$ cat run.cif   # mmCIF, C-alpha atoms
data_upload
#
loop_
_atom_site.label_atom_id
_atom_site.label_comp_id
_atom_site.auth_asym_id
_atom_site.auth_seq_id
_atom_site.Cartn_x
_atom_site.Cartn_y
_atom_site.Cartn_z
CA MET O 1 0.00 0.00 0.00
CA GLY O 2 2.94 2.33 0.66
CA ASP O 3 4.63 1.81 -2.70
CA GLY O 4 6.20 4.99 -4.04
CA ILE O 5 5.98 7.06 -0.84
CA ASP O 6 9.18 9.03 -0.20
CA GLY O 7 10.86 7.15 -3.03
CA ILE O 8 10.61 3.84 -1.11
CA GLY O 9 9.39 0.98 -3.20
CA GLY O 10 8.70 3.35 -6.13
CA ASN O 11 8.63 1.75 -9.58
CA ASP O 12 8.99 2.84 -13.20
CA GLY O 13 5.86 1.14 -14.38
CA THR O 14 7.61 -2.21 -14.83
CA GLY O 15 7.24 -3.35 -11.24
CA THR O 16 10.94 -2.82 -10.46
CA THR O 17 12.71 -0.25 -8.37
CA ASP O 18 16.28 0.95 -8.08
CA ARG O 19 16.41 0.03 -4.38
CA SER O 20 17.13 -3.59 -5.29
CA ARG O 21 20.00 -2.38 -7.56
CA GLY O 22 21.46 0.02 -5.02
CA GLY O 23 19.56 2.98 -6.48
CA ARG O 24 18.66 4.37 -3.04
CA GLY O 25 15.03 4.70 -3.93
CA ARG O 26 15.53 6.49 -7.29
CA THR O 27 13.44 5.14 -10.14
CA SER O 28 15.32 3.57 -13.06
CA TRP O 29 14.40 6.41 -15.43
CA GLU O 30 15.91 8.89 -12.99
CA ASN O 31 19.17 6.92 -13.00
CA ARG O 32 19.11 6.72 -16.78
CA LEU O 33 18.41 10.44 -17.20
CA PRO O 34 22.07 11.64 -16.92
CA GLN O 35 23.15 9.02 -19.46
CA TRP O 36 20.36 10.06 -21.82
CA LEU O 37 21.29 13.73 -21.43
CA ARG O 38 24.97 12.99 -22.18
CA ARG O 39 24.01 11.00 -25.28
CA ARG O 40 21.68 13.77 -26.42
CA ALA O 41 24.46 16.34 -25.89
CA ARG O 42 26.84 14.26 -28.01
CA GLU O 43 24.25 13.92 -30.76
CA ASP O 44 23.54 17.66 -30.71
CA SER O 45 27.28 18.38 -30.80
CA ALA O 46 27.76 16.03 -33.77
CA ALA O 47 24.86 17.70 -35.57
CA ASP O 48 26.40 21.13 -34.95
CA VAL O 49 29.77 19.94 -36.27
CA GLY O 50 28.09 18.48 -39.35
CA ALA O 51 26.21 21.72 -40.01
CA ASP O 52 29.38 23.79 -39.58
CA ARG O 53 31.28 21.47 -41.91
CA LEU O 54 28.63 21.71 -44.60
CA GLU O 55 28.43 25.49 -44.26
CA LEU O 56 32.21 25.89 -44.58
CA LEU O 57 32.44 23.56 -47.59
CA LEU O 58 29.58 25.31 -49.37
CA ALA O 59 31.19 28.68 -48.68
CA THR O 60 34.46 27.43 -50.15
CA ALA O 61 32.70 26.12 -53.23
CA GLY O 62 30.77 29.38 -53.48
CA ALA O 63 34.10 31.24 -53.54
CA GLY O 64 34.93 29.31 -56.73
CA LEU O 65 37.44 26.81 -55.36
CA PRO O 66 37.02 23.39 -57.03
CA LEU O 67 36.52 20.62 -54.45
CA ALA O 68 36.57 16.82 -54.50
CA PRO O 69 36.07 14.22 -51.74
CA ALA O 70 39.17 12.97 -49.93
CA ALA O 71 40.07 10.20 -47.52
CA HIS O 72 39.62 10.58 -43.77
CA PRO O 73 41.00 8.97 -40.61
CA ALA O 74 39.58 5.55 -39.81
CA GLY O 75 40.88 4.69 -36.38
CA PHE O 76 44.65 4.57 -36.72
CA ARG O 77 44.44 4.00 -40.46
CA CYS O 78 43.38 5.80 -43.59
CA SER O 79 39.87 5.22 -44.87
CA CYS O 80 41.35 4.08 -48.21
CA GLU O 81 42.50 0.90 -46.40
CA ARG O 82 45.74 0.95 -48.36
CA ILE O 83 48.39 -0.77 -46.26
CA GLY O 84 51.05 1.77 -45.38
CA CYS O 85 49.18 4.66 -47.03
CA PRO O 86 51.89 7.37 -47.36
CA THR O 87 49.44 10.28 -46.94
CA PRO O 88 46.65 9.01 -44.67
CA ALA O 89 43.51 11.15 -44.77
CA ARG O 90 45.23 13.66 -47.08
CA HIS O 91 44.53 12.38 -50.59
CA PRO O 92 41.53 12.31 -52.96
CA VAL O 93 39.41 9.18 -53.08
CA SER O 94 39.23 9.21 -56.88
CA PHE O 95 42.10 8.99 -59.35
CA ALA O 96 40.04 11.37 -61.51
CA TRP O 97 40.10 14.12 -58.88
CA GLN O 98 41.28 16.78 -61.34
CA THR O 99 38.25 16.32 -63.60
CA GLN O 100 35.92 15.53 -60.68
CA ALA O 101 36.73 18.72 -58.74
CA THR O 102 33.92 21.25 -58.92
CA HIS O 103 32.67 24.42 -57.23
CA ASP O 104 29.02 23.54 -57.90
CA ARG O 105 27.39 23.97 -54.51
CA ALA O 106 24.69 21.36 -55.11
CA THR O 107 27.26 18.70 -56.00
CA VAL O 108 29.54 19.56 -53.08
CA GLY O 109 26.55 19.57 -50.72
CA ARG O 110 25.48 16.14 -51.95
CA TRP O 111 28.98 14.73 -51.53
CA ALA O 112 29.24 16.18 -48.02
CA GLU O 113 25.92 14.68 -46.95
CA GLU O 114 26.57 11.29 -48.57
CA GLN O 115 30.09 11.10 -47.08
CA PRO O 116 29.76 12.73 -43.64
CA GLU O 117 33.28 11.75 -42.54
CA ALA O 118 35.11 12.63 -45.74
CA ASN O 119 37.73 15.33 -45.97
CA PHE O 120 37.81 17.47 -49.11
CA ILE O 121 40.70 18.58 -51.31
CA THR O 122 40.81 21.54 -53.65
CA ALA O 123 42.56 21.17 -56.99
CA THR O 124 45.11 23.95 -57.48
CA GLY O 125 46.23 25.54 -60.73
CA MET O 126 42.68 25.95 -62.04
CA VAL O 127 41.30 28.92 -60.13
CA HIS O 128 43.86 29.31 -57.38
CA ASP O 129 47.33 28.33 -56.22
CA VAL O 130 48.48 27.66 -52.67
CA LEU O 131 51.73 28.78 -51.06
CA ASP O 132 52.49 26.15 -48.41
CA VAL O 133 55.00 27.05 -45.68
CA PRO O 134 56.02 25.94 -42.17
CA ALA O 135 53.48 27.23 -39.67
CA ALA O 136 56.00 29.28 -37.69
CA ALA O 137 57.20 31.02 -40.87
CA GLY O 138 53.61 31.50 -42.01
CA ARG O 139 52.56 33.18 -38.77
CA ALA O 140 55.52 35.56 -38.95
CA ALA O 141 54.79 36.38 -42.61
CA LEU O 142 51.08 36.85 -41.91
CA GLU O 143 51.82 39.31 -39.11
CA ARG O 144 54.18 41.26 -41.39
CA LEU O 145 51.76 41.31 -44.32
CA LEU O 146 48.78 42.42 -42.25
CA GLY O 147 50.95 45.07 -40.59
CA GLU O 148 51.84 46.39 -44.04
CA GLY O 149 48.17 46.51 -45.03
CA VAL O 150 48.49 43.76 -47.65
CA GLU O 151 45.28 41.93 -48.61
CA VAL O 152 46.34 38.41 -47.71
CA GLY O 153 43.32 36.34 -48.73
CA PRO O 154 42.28 32.93 -47.37
CA VAL O 155 44.75 31.25 -45.01
CA ALA O 156 44.50 27.80 -43.43
CA GLU O 157 46.66 26.10 -40.82
CA SER O 158 47.32 22.39 -40.50
CA GLY O 159 47.95 20.72 -37.17
CA GLU O 160 50.96 19.08 -38.80
CA GLY O 161 52.78 22.39 -38.71
CA ARG O 162 52.03 23.90 -42.13
CA MET O 163 50.25 27.09 -43.14
CA LEU O 164 48.47 27.43 -46.49
CA PHE O 165 48.12 30.79 -48.26
CA PHE O 166 45.47 30.67 -51.01
CA THR O 167 46.18 32.95 -53.96
CA ALA O 168 44.98 33.54 -57.49
CA THR O 169 46.53 31.11 -59.96
CA ARG O 170 49.42 32.16 -62.15
CA GLY O 171 47.32 31.27 -65.16
CA THR O 172 48.58 29.64 -68.33
CA PRO O 173 51.45 31.60 -69.85
CA GLU O 174 51.47 32.16 -73.60
CA ASP O 175 54.88 30.52 -73.61
CA GLU O 176 54.31 27.04 -72.20
CA ASP O 177 58.04 26.80 -71.41
CA GLU O 178 57.45 29.36 -68.67
CA TRP O 179 55.05 27.02 -66.91
CA TRP O 180 56.34 24.55 -64.36
CA PRO O 181 54.36 21.93 -62.43
CA CYS O 182 54.08 21.88 -58.66
CA ALA O 183 56.64 19.08 -58.29
CA LEU O 184 59.44 21.34 -59.47
CA ASP O 185 58.76 23.69 -56.56
CA CYS O 186 59.10 20.84 -54.08
CA HIS O 187 62.38 19.20 -55.03
CA PRO O 188 65.28 19.30 -52.56
CA GLU O 189 67.45 21.36 -54.89
CA THR O 190 65.05 24.30 -54.53
CA MET O 191 65.23 24.30 -50.73
CA ASP O 192 68.29 26.57 -50.51
CA GLU O 193 66.49 29.11 -52.67
CA HIS O 194 63.19 29.08 -50.76
CA PRO O 195 63.59 26.81 -47.71
CA GLY O 196 60.38 25.14 -46.73
CA LEU O 197 58.23 26.86 -49.38
CA ARG O 198 56.02 24.74 -51.63
CA TRP O 199 53.97 26.26 -54.42
CA HIS O 200 50.92 24.15 -55.27
CA SER O 201 49.86 24.92 -58.82
CA ARG O 202 48.78 22.83 -61.78
CA GLY O 203 48.56 19.12 -60.97
CA SER O 204 48.50 19.56 -57.20
CA TYR O 205 45.96 19.81 -54.40
CA VAL O 206 45.65 20.64 -50.71
CA LEU O 207 43.12 19.80 -48.04
CA VAL O 208 40.51 22.46 -47.32
CA PRO O 209 39.05 23.12 -43.88
CA PRO O 210 37.46 21.63 -42.02
CA ALA O 211 39.59 18.48 -42.33
CA ARG O 212 40.61 15.82 -39.86
CA LEU O 213 44.05 14.22 -39.81
CA PRO O 214 45.34 11.20 -37.86
CA ASP O 215 46.15 11.62 -34.17
CA GLY O 216 43.34 14.15 -33.73
CA LEU O 217 45.01 16.87 -35.81
CA THR O 218 42.90 19.20 -37.97
CA VAL O 219 43.10 21.70 -40.81
CA ASP O 220 41.27 24.94 -40.00
CA TRP O 221 40.77 28.39 -41.47
CA VAL O 222 42.78 31.29 -40.07
CA GLN O 223 41.11 33.57 -42.62
CA GLY O 224 38.15 32.08 -44.44
CA SER O 225 37.35 31.61 -48.10
CA GLU O 226 35.27 34.82 -48.11
CA HIS O 227 38.53 36.76 -48.51
CA PRO O 228 39.43 37.57 -52.15
CA LEU O 229 42.34 35.65 -53.69
CA PRO O 230 45.42 37.89 -53.90
CA ASP O 231 48.14 37.87 -56.54
CA PRO O 232 50.75 35.35 -55.28
CA LEU O 233 53.58 37.77 -55.99
CA THR O 234 52.23 40.16 -53.34
CA LEU O 235 52.87 37.48 -50.69
CA LEU O 236 55.91 35.72 -52.07
CA GLU O 237 58.67 37.99 -50.73
CA ALA O 238 57.36 37.97 -47.17
CA LEU O 239 56.82 34.20 -47.23
CA ALA O 240 60.23 33.47 -48.74
CA ASP O 241 61.97 35.73 -46.19
CA ALA O 242 60.09 34.11 -43.31
CA CYS O 243 60.95 30.63 -44.59
CA ALA O 244 64.64 31.54 -44.89
CA ARG O 245 64.69 32.83 -41.31
CA TYR O 246 62.84 29.72 -40.15
CA ALA O 247 65.39 27.48 -41.88
CA ASP O 248 68.29 29.36 -40.28
CA GLU O 249 66.72 29.14 -36.82
CA THR O 250 65.85 25.44 -37.09
CA ASP O 251 68.83 24.30 -39.23
CA GLU O 252 66.53 22.81 -41.86
CA HIS O 253 68.49 23.80 -44.96
CA ASP O 254 69.69 20.22 -45.34
CA GLN O 255 66.34 18.61 -44.49
CA HIS O 256 63.45 17.97 -46.82
CA SER O 257 60.09 16.47 -45.97
CA VAL O 258 57.91 14.92 -48.64
CA ALA O 259 55.54 17.47 -50.14
CA TRP O 260 51.96 16.90 -51.14
CA PRO O 261 50.65 15.36 -53.21
CA ALA O 262 52.07 11.88 -53.08
CA ARG O 263 51.47 10.35 -56.48
CA ARG O 264 48.76 7.71 -56.39
#

$ encode --input "run.cif" --output "structure tokens"
Amino acid sequence: MGDGIDGIGGNDGTGTTDRSRGGRGRTSWENRLPQWLRRRAREDSAADVGADRLELLLATAGAGLPLAPAAHPAGFRCSCERIGCPTPARHPVSFAWQTQATHDRATVGRWAEEQPEANFITATGMVHDVLDVPAAAGRAALERLLGEGVEVGPVAESGEGRMLFFTATRGTPEDEDEWWPCALDCHPETMDEHPGLRWHSRGSYVLVPPARLPDGLTVDWVQGSEHPLPDPLTLLEALADACARYADETDEHDQHSVAWPARR
């Protein structure tokens, strides 16, 4: 007759109470409430992240940068499942990424919704190039450029210690001999000239934010894609000077890390 009074013998409609499970008179739904709230918070957080991701990708496409789906972290491996993948979570998923890349917002939105974990790359040398430098050098150059009133344009930073400066492309010169592919900017023999600087142009790509890398690292905007693309030559001197100082300070003149993209 006294069931439920003062929480003693109360039940959740199933004839059971938490007293028998050490619940101190709390009904089972009361004990489950914190767990439900935590799960709901995680779901809401994931939904917010997904909405932010879609918004950023659509803004990037709307700025005219051609995008294509890329691999993403899958535990401690790359989602491509290639054993010993040399660039885990950093490469396109399709070998036809150069022709697949598009700035059509409807297509990018569909890809993003169909592949909620995918990173995205942007193909350089079509609309834009990217000047890729060590993060420490990039921060120093960015501070100098902004202090001089230079319109810098979109800038992203990778948790791996690189900073990406998005610029207008050099275009296709009338004299094709004046054109050089990205790989020539990344060879060790160019390091003394511009230590640590990589110029992504025709035939190359970089990840665009938001992107996830292994070990919880990310690629994020410092200045978003709403900023107009500057002429690369307006940034080059400051970036090259900063890279040279960085190389002197870190003794990296004789070191060379593999540049993106790894050929697949």

$ closest_residue --input "run.cif" --among "O:Asp215, O:Leu197, O:His103, O:Asp241" --to "Ala63 (chain O)" --atoms "all atoms listed in the file"
O:His103

$ resolve_selection --input "run.cif" --expression "the PyMOL selection byres ((chain O and resi 234) around 10)" --output "list of chain:residue names"
O:Leu145, O:Val150, O:Glu151, O:Val152, O:Thr167, O:Pro230, O:Asp231, O:Pro232, O:Leu233, O:Leu235, O:Leu236, O:Glu237, O:Ala238, O:Leu239

$ residues_around --input "run.cif" --residues "Pro214 (chain O)" --least-positions-apart "4" --cutoff "12 Å" --atoms "all atoms listed in the file" --output "PyMOL selection string"
chain O and resi 71-79+85+87-90+119+158-160+218-219

$ atom_distance --input "run.cif" --atom1 "CA of Ala68 (chain O)" --atom2 "CA of Val93 (chain O)"
8.3 Å

$ residues_near_point --input "run.cif" --point "(53.9, 28.8, -39.9)" --cutoff "8 Å" --atoms "all atoms listed in the file" --output "list in words"
Val133, Pro134, Ala135, Ala136, Ala137, Gly138, Arg139, Ala140, Glu157, Gly161, Arg162 and Met163 of chain O

$ atom_distance --input "run.cif" --atom1 "CA of Ile83 (chain O)" --atom2 "CA of Asp220 (chain O)"
27.4 Å

$ resolve_selection --input "run.cif" --expression "the PyMOL selection byres ((chain O and resi 206) around 8)" --output "ChimeraX atom specification"
/O:90,121-124,130,200,204-205,207-208,260-261

$ resolve_selection --input "run.cif" --expression "the PyMOL selection byres ((chain O and resi 226) around 10)" --output "PDB file with C-alpha atoms, in the coordinates of the input"
ATOM      1  CA  ALA O  59      31.190  28.680 -48.680  1.00  0.00           C
ATOM      2  CA  THR O  60      34.460  27.430 -50.150  1.00  0.00           C
ATOM      3  CA  GLY O  62      30.770  29.380 -53.480  1.00  0.00           C
ATOM      4  CA  ALA O  63      34.100  31.240 -53.540  1.00  0.00           C
ATOM      5  CA  GLY O 153      43.320  36.340 -48.730  1.00  0.00           C
ATOM      6  CA  PRO O 154      42.280  32.930 -47.370  1.00  0.00           C
ATOM      7  CA  GLN O 223      41.110  33.570 -42.620  1.00  0.00           C
ATOM      8  CA  GLY O 224      38.150  32.080 -44.440  1.00  0.00           C
ATOM      9  CA  SER O 225      37.350  31.610 -48.100  1.00  0.00           C
ATOM     10  CA  HIS O 227      38.530  36.760 -48.510  1.00  0.00           C
ATOM     11  CA  PRO O 228      39.430  37.570 -52.150  1.00  0.00           C
ATOM     12  CA  LEU O 229      42.340  35.650 -53.690  1.00  0.00           C
TER      13      LEU O 229
END

$ closest_residue --input "run.cif" --among "O:Phe165, O:Gly203, O:Asp248, O:Leu146" --to "Ala96 (chain O)" --atoms "only C-alpha atoms"
O:Gly203

$ atom_distance --input "run.cif" --atom1 "CA of Leu164 (chain O)" --atom2 "CA of Ala211 (chain O)"
13.3 Å

$ closest_residue --input "run.cif" --among "O:Ala112, O:Ala118, O:Leu217, O:Leu131" --to "Cys80 (chain O)" --atoms "all atoms listed in the file"
O:Ala118

$ closest_residue --input "run.cif" --among "O:Gly149, O:Glu249, O:Leu67, O:Leu213" --to "Thr99 (chain O)" --atoms "all atoms listed in the file"
O:Leu67

$ closest_residue --input "run.cif" --among "O:Arg53, O:Asp129, O:Phe95, O:Gly64" --to "Trp111 (chain O)" --atoms "all atoms listed in the file"
O:Arg53

$ closest_residue --input "run.cif" --among "O:His91, O:Asp132, O:Arg110, O:Gly125" --to "Val155 (chain O)" --atoms "only C-alpha atoms"
O:Asp132

$ build_atoms --input "run.cif" --residues "region 65-76 of chain O" --atoms "all heavy atoms" --output "CSV table (one decimal), keeping the file's coordinate frame"
chain,number,residue,atom,x,y,z
O,65,LEU,N,36.4,27.8,-55.5
O,65,LEU,CA,37.4,26.8,-55.4
O,65,LEU,C,36.9,25.4,-55.7
O,65,LEU,O,35.9,25.0,-55.1
O,65,LEU,CB,38.0,26.8,-53.9
O,65,LEU,CG,39.1,27.9,-53.6
O,65,LEU,CD1,38.5,29.3,-53.8
O,65,LEU,CD2,39.7,27.7,-52.2
O,66,PRO,N,37.5,24.7,-56.7
O,66,PRO,CA,37.0,23.4,-57.0
O,66,PRO,C,37.4,22.3,-56.0
O,66,PRO,O,38.5,22.2,-55.6
O,66,PRO,CB,37.7,23.1,-58.4
O,66,PRO,CG,39.0,24.0,-58.3
O,66,PRO,CD,38.6,25.2,-57.5
O,67,LEU,N,36.4,21.6,-55.5
O,67,LEU,CA,36.5,20.6,-54.4
O,67,LEU,C,36.2,19.2,-54.9
O,67,LEU,O,35.5,19.0,-55.9
O,67,LEU,CB,35.6,20.9,-53.3
O,67,LEU,CG,35.6,22.3,-52.7
O,67,LEU,CD1,34.6,22.4,-51.6
O,67,LEU,CD2,37.0,22.7,-52.2
O,68,ALA,N,36.8,18.2,-54.2
O,68,ALA,CA,36.6,16.8,-54.5
O,68,ALA,C,36.7,16.1,-53.2
O,68,ALA,O,37.5,16.5,-52.3
O,68,ALA,CB,37.5,16.3,-55.6
O,69,PRO,N,36.0,15.0,-53.0
O,69,PRO,CA,36.1,14.2,-51.7
O,69,PRO,C,37.5,13.6,-51.6
O,69,PRO,O,38.1,13.2,-52.5
O,69,PRO,CB,35.0,13.1,-51.9
O,69,PRO,CG,34.1,13.6,-52.9
O,69,PRO,CD,34.9,14.4,-53.9
O,70,ALA,N,37.9,13.5,-50.3
O,70,ALA,CA,39.2,13.0,-49.9
O,70,ALA,C,39.0,11.9,-48.8
O,70,ALA,O,37.9,11.8,-48.2
O,70,ALA,CB,40.1,14.1,-49.5
O,71,ALA,N,40.1,11.2,-48.6
O,71,ALA,CA,40.1,10.2,-47.5
O,71,ALA,C,40.0,10.9,-46.2
O,71,ALA,O,40.1,12.1,-46.0
O,71,ALA,CB,41.3,9.4,-47.6
O,72,HIS,N,39.7,10.1,-45.1
O,72,HIS,CA,39.6,10.6,-43.8
O,72,HIS,C,40.2,9.5,-42.8
O,72,HIS,O,40.4,8.4,-43.2
O,72,HIS,CB,38.2,10.9,-43.4
O,72,HIS,CG,37.3,9.7,-43.5
O,72,HIS,ND1,37.1,8.8,-42.5
O,72,HIS,CD2,36.5,9.2,-44.5
O,72,HIS,CE1,36.3,7.8,-42.8
O,72,HIS,NE2,35.9,8.0,-44.1
O,73,PRO,N,40.5,9.9,-41.6
O,73,PRO,CA,41.0,9.0,-40.6
O,73,PRO,C,40.0,7.9,-40.3
O,73,PRO,O,38.8,8.2,-40.2
O,73,PRO,CB,41.3,9.8,-39.4
O,73,PRO,CG,41.3,11.2,-39.8
O,73,PRO,CD,40.4,11.3,-41.0
O,74,ALA,N,40.4,6.7,-40.2
O,74,ALA,CA,39.6,5.6,-39.8
O,74,ALA,C,40.3,4.8,-38.7
O,74,ALA,O,41.1,3.9,-39.0
O,74,ALA,CB,39.3,4.6,-41.0
O,75,GLY,N,40.1,5.2,-37.5
O,75,GLY,CA,40.9,4.7,-36.4
O,75,GLY,C,42.3,5.2,-36.5
O,75,GLY,O,42.6,6.4,-36.6
O,76,PHE,N,43.2,4.2,-36.5
O,76,PHE,CA,44.6,4.6,-36.7
O,76,PHE,C,45.1,4.4,-38.2
O,76,PHE,O,46.3,4.6,-38.5
O,76,PHE,CB,45.5,3.7,-35.8
O,76,PHE,CG,45.3,3.9,-34.4
O,76,PHE,CD1,44.5,2.9,-33.7
O,76,PHE,CD2,45.8,5.0,-33.7
O,76,PHE,CE1,44.3,3.1,-32.3
O,76,PHE,CE2,45.5,5.1,-32.3
O,76,PHE,CZ,44.8,4.2,-31.6
